[in-house]
Amino acid sequence: MAESNSWRSHRESDGNRSIPNGDDARNVRETGVQTDAKVQGQGPRLSKANLFTLLSLWMELFPKREVCQQENDAAGVSGLVVVHESRVLGLHCSSAQLHAGQVAVVKHGPRLKNCELYFSRKPCSTCLKMLINAGVSRISYWPGDAELSLLSESLHHSSSSPLQEAILDATAAERLKSNSRPHISVLLQPLDCTVLQFLDETSQNADFLGKIAADNPERDIGDIYRREFWNNSDNFSEKFFISDEERHKYVLNKMGLENFCMEPNFSNLRQHMRNLIRILASVASSVPALLEDYGFFMREPVGMRSPALPQDVIRHCVIQARLLACRTEDPKVGVGAVIWAEGNQSQCDGTGQLYLVGCGYNAYPVGSQYAEYPQMDHKQEERQNRKYRYILHAEQNALTFRSAEIKAEENTMMFVTKCPCDECVPLIGCAGIKQIYTTDLDSNKVKHDISYLRFNKLNGVQKFIWQQRSSIRNTSEQDALPTANGCFKRRDEESSFQCNKRLRS
């Protein structure tokens with residue numbers, strides 16, 4: 001209870017943060033998954049290091065279909081992101097048999113050479129020696145509990161077997177670290193002062209909450225988001241944050257991070273950790289888990305096709321896409337997409353038979369300098385100064401920078417945070433994607449320079465839409481009214497607009 005109250009006090013103080021105007025809001029935007037050059041602009045966005053760290057924390061929470069019983073009960077489940085030249089090659093988590101680092105060796109082998117690895121816990125000596133030998137260039141980890149837990153027993157019982165094993169492992173890991181070629185360290189970067197509030201606002205305005213507002217004008221969307229946020233904050237802080245400062249210093253010392261125990265390093269470290277946990281809680285709250293009447297359900301039956309994933313797995317993958325959207329280079333709309341496939345290999349990974357195919361977010365072409373391309377939206381009168389012809393969409397980048405080929409015999413699934421537009425629908429259909437999980441908030445609409453008329457006509461792909469369980473129905477042209485320009489307008493479009501307007505306010 002003391003931990004929860006302590007965390008709540010920090011959340012309340014963070015909530016009073018204001019957004020500066022003018023030059024104070026300008027920040028240097030680091031290179032993205034798709035973009036090589038450093039660009040400078042107004043839009044707050046996550047750094048690569050923080051994005052990959054958040055993805056590793058989220059992968060630690062990947063839903064398990066059965067209880068994961070480790071051989072050593074003191075061992076912690078960990079998440080891992082494998083990155084090569086800014087491209088995500090794999091998202092992994094511990095299984096009942098293997099730690100996340102061992103999973104990476106089994107899955108990638110020699111392809112790990114020159115890769116960067118981001119762990120949700122400091123890897124144990126068994127994982128480290130294999131990863132060092134594989135020639136990875138960097139190993140970064142969350143400065144909380146180690147993979148072989150140092151908090152499994154009371155600190156006053158240092159002679160107990162689990163804790164003694166953890167201490168011995170930490171000593172061996174530190175020796176491996178000091179004699180290794182790769183850089184092994186904690187890599188948390190301070191957030192720009194506007195990022196927390198910006199991501200909180202974009203999470204509240206996400207299409208998933210917008211869909212609820214459009215369906216149920218009387219529901220208090222703000223209240224739904226707040227309940228989700230406080231619930232996620234408490235759960236994530238309990239999982240990833242050591243509330244007791246002395247216990248945290250003990251763990252940092254045993255992990256070879258003595259410098260972090262000194263002030264002001266210690267206070268800064270804990271604040272960075274709190275901020276990232278808050279971002280994770282905010283992004284996760286955009287796809288509510290506490291609502292039993294909402295989920296991803298098939299829009300219309302398409303014969304005998306691949307069955308849908310469990311709802312908790314779907315939500316987990318969609319939130320991965322939401323995290324990727326935090327790196328968008330689009331100054332207005334952040335969109336993320338992630339592609340997973342169901343393979344036939346042994347289930348050594350904590351994700352079971354699922355493996356990553358690709359991921360991306362909407363961004364300008366590789367190597368773009370800031371202001372090299374137009375960034376205006378439809379409010380700009382001159383069409384040549386609008387961004388739409390230059391921005392690469394999240395679905396396009398996920399297909400372009402994929403780490404594995406799409407196999408016709410496997411069920412390949414795309415998870416995207418917005419309804420795919422007419423520019424992306426043909427790519428999805430021809431790429432061999434068999435299932436898509438998204439919202440249909442913009443379906444059948446023309447929104448100035450971008451249209452969403454093709455999504456409902458996408459054949460051969462199962463569409464699982466975020467919607468009410470009781471209102472699963474097929475949205476067809478018969479349910480729409482033609483407008484003067486020949487496009488379609490849904491009967492409830494005006495009420496949907498009013499709901500979204502209220503949600504944004």
# chains A, B, ... in the order shown; residues from 1 in each chain; ligands from 1

$ select_by_dssp --residues "range 177-390 of chain A" --states "alpha helix (DSSP H)" --output "MDAnalysis selection string"
chainID A and resid 177:178 195:204 207:215 221:240 245:254 265:285 311:325

$ closest_atom_pairs --of "range 86-199 of chain A" --to "range 276-291 of chain A" --cutoff "10 Å" --atoms "only C-alpha atoms" --output "CSV"
residue,atom,partner,partner_atom,distance
A:Leu188,CA,A:Leu276,CA,9.1
A:Gln189,CA,A:Leu276,CA,9.8
A:Pro190,CA,A:Leu276,CA,9.5
A:Leu191,CA,A:Leu276,CA,8.7
A:Val195,CA,A:Ile279,CA,8.9
A:Leu196,CA,A:Ile279,CA,6.6
A:Gln197,CA,A:Ile279,CA,9.3
A:Leu199,CA,A:Ile279,CA,7.1

$ closest_residue --among "A:Leu209, A:Leu458, A:Leu54, A:Leu252" --to "Glu228 in chain A" --atoms "only C-alpha atoms"
A:Leu209

$ select_by_dssp --residues "range 189-401 of chain A" --states "strand (DSSP E or B)" --output "ChimeraX atom specification"
/A:294-298,336-342,354-361,363,376,386,392

$ atom_distance --atom1 "CA of Glu85 in chain A" --atom2 "CA of Val318 in chain A"
24.1 Å

$ residues_around --residues "Ile314 in chain A" --least-positions-apart "6" --cutoff "12 Å" --atoms "only C-alpha atoms" --output "NGL selection string"
:A and (62-63 or 287 or 289 or 295-297 or 308 or 320-321 or 338-340 or 354 or 413-417 or 435-438 or 464-466)

$ write_last_selection --atoms "C-alpha atoms" --output "mmCIF file, in the first residue's frame"
data_model
loop_
_atom_site.group_PDB
_atom_site.id
_atom_site.type_symbol
_atom_site.label_atom_id
_atom_site.label_comp_id
_atom_site.auth_asym_id
_atom_site.auth_seq_id
_atom_site.Cartn_x
_atom_site.Cartn_y
_atom_site.Cartn_z
ATOM 1 C CA PHE A 62 3.418 -10.784 -23.142
ATOM 2 C CA PRO A 63 0.347 -12.931 -22.279
ATOM 3 C CA VAL A 287 -6.744 0.450 -25.738
ATOM 4 C CA ALA A 289 -8.595 -3.587 -21.001
ATOM 5 C CA GLY A 295 -12.697 -6.080 -28.240
ATOM 6 C CA PHE A 296 -11.443 -7.055 -31.703
ATOM 7 C CA PHE A 297 -14.130 -9.020 -33.527
ATOM 8 C CA ALA A 308 -8.537 -15.033 -34.255
ATOM 9 C CA GLN A 320 3.216 -2.410 -29.529
ATOM 10 C CA ALA A 321 1.993 -0.493 -32.578
ATOM 11 C CA VAL A 338 3.441 -4.276 -36.412
ATOM 12 C CA ILE A 339 3.317 -7.556 -38.348
ATOM 13 C CA TRP A 340 3.409 -10.963 -36.644
ATOM 14 C CA LEU A 354 4.321 -16.060 -33.004
ATOM 15 C CA MET A 413 -1.251 -10.655 -39.125
ATOM 16 C CA MET A 414 -0.982 -6.873 -39.204
ATOM 17 C CA PHE A 415 -1.851 -4.726 -36.178
ATOM 18 C CA VAL A 416 -2.282 -1.027 -36.996
ATOM 19 C CA THR A 417 -3.503 1.868 -34.887
ATOM 20 C CA GLN A 435 -5.578 -10.958 -40.874
ATOM 21 C CA ILE A 436 -5.694 -7.296 -39.890
ATOM 22 C CA TYR A 437 -6.550 -5.890 -36.446
ATOM 23 C CA THR A 438 -7.473 -2.209 -36.345
ATOM 24 C CA PHE A 464 -10.933 -7.827 -36.869
ATOM 25 C CA ILE A 465 -12.298 -4.467 -35.812
ATOM 26 C CA TRP A 466 -12.238 -2.797 -32.381
#

$ residues_around --residues "Ile139 in chain A" --least-positions-apart "4" --cutoff "10 Å" --atoms "only C-alpha atoms" --output "ChimeraX atom specification"
/A:82,115-119,122-123,128,131-132,177,182-187

$ atom_distance --atom1 "CA of Thr202 in chain A" --atom2 "CA of Val313 in chain A"
22.8 Å

$ closest_atom_pairs --of "range 123-143 of chain A" --to "range 88-100 of chain A" --cutoff "10 Å" --atoms "only C-alpha atoms" --output "CSV"
residue,atom,partner,partner_atom,distance
A:Pro123,CA,A:Ala100,CA,8.2
A:Cys124,CA,A:His99,CA,8.6
A:Thr126,CA,A:His99,CA,9.0
A:Cys127,CA,A:His99,CA,7.4

$ atom_distance --atom1 "CA of Ala337 in chain A" --atom2 "CA of Gly360 in chain A"
5.5 Å

$ closest_residue --among "A:Arg65, A:Arg322, A:Arg138, A:Arg469" --to "Asp207 in chain A" --atoms "only C-alpha atoms"
A:Arg322

$ residues_around --residues "Glu246 in chain A" --least-positions-apart "5" --cutoff "12 Å" --atoms "only C-alpha atoms" --output "MDAnalysis selection string"
chainID A and resid 151 155 251:253 261 266
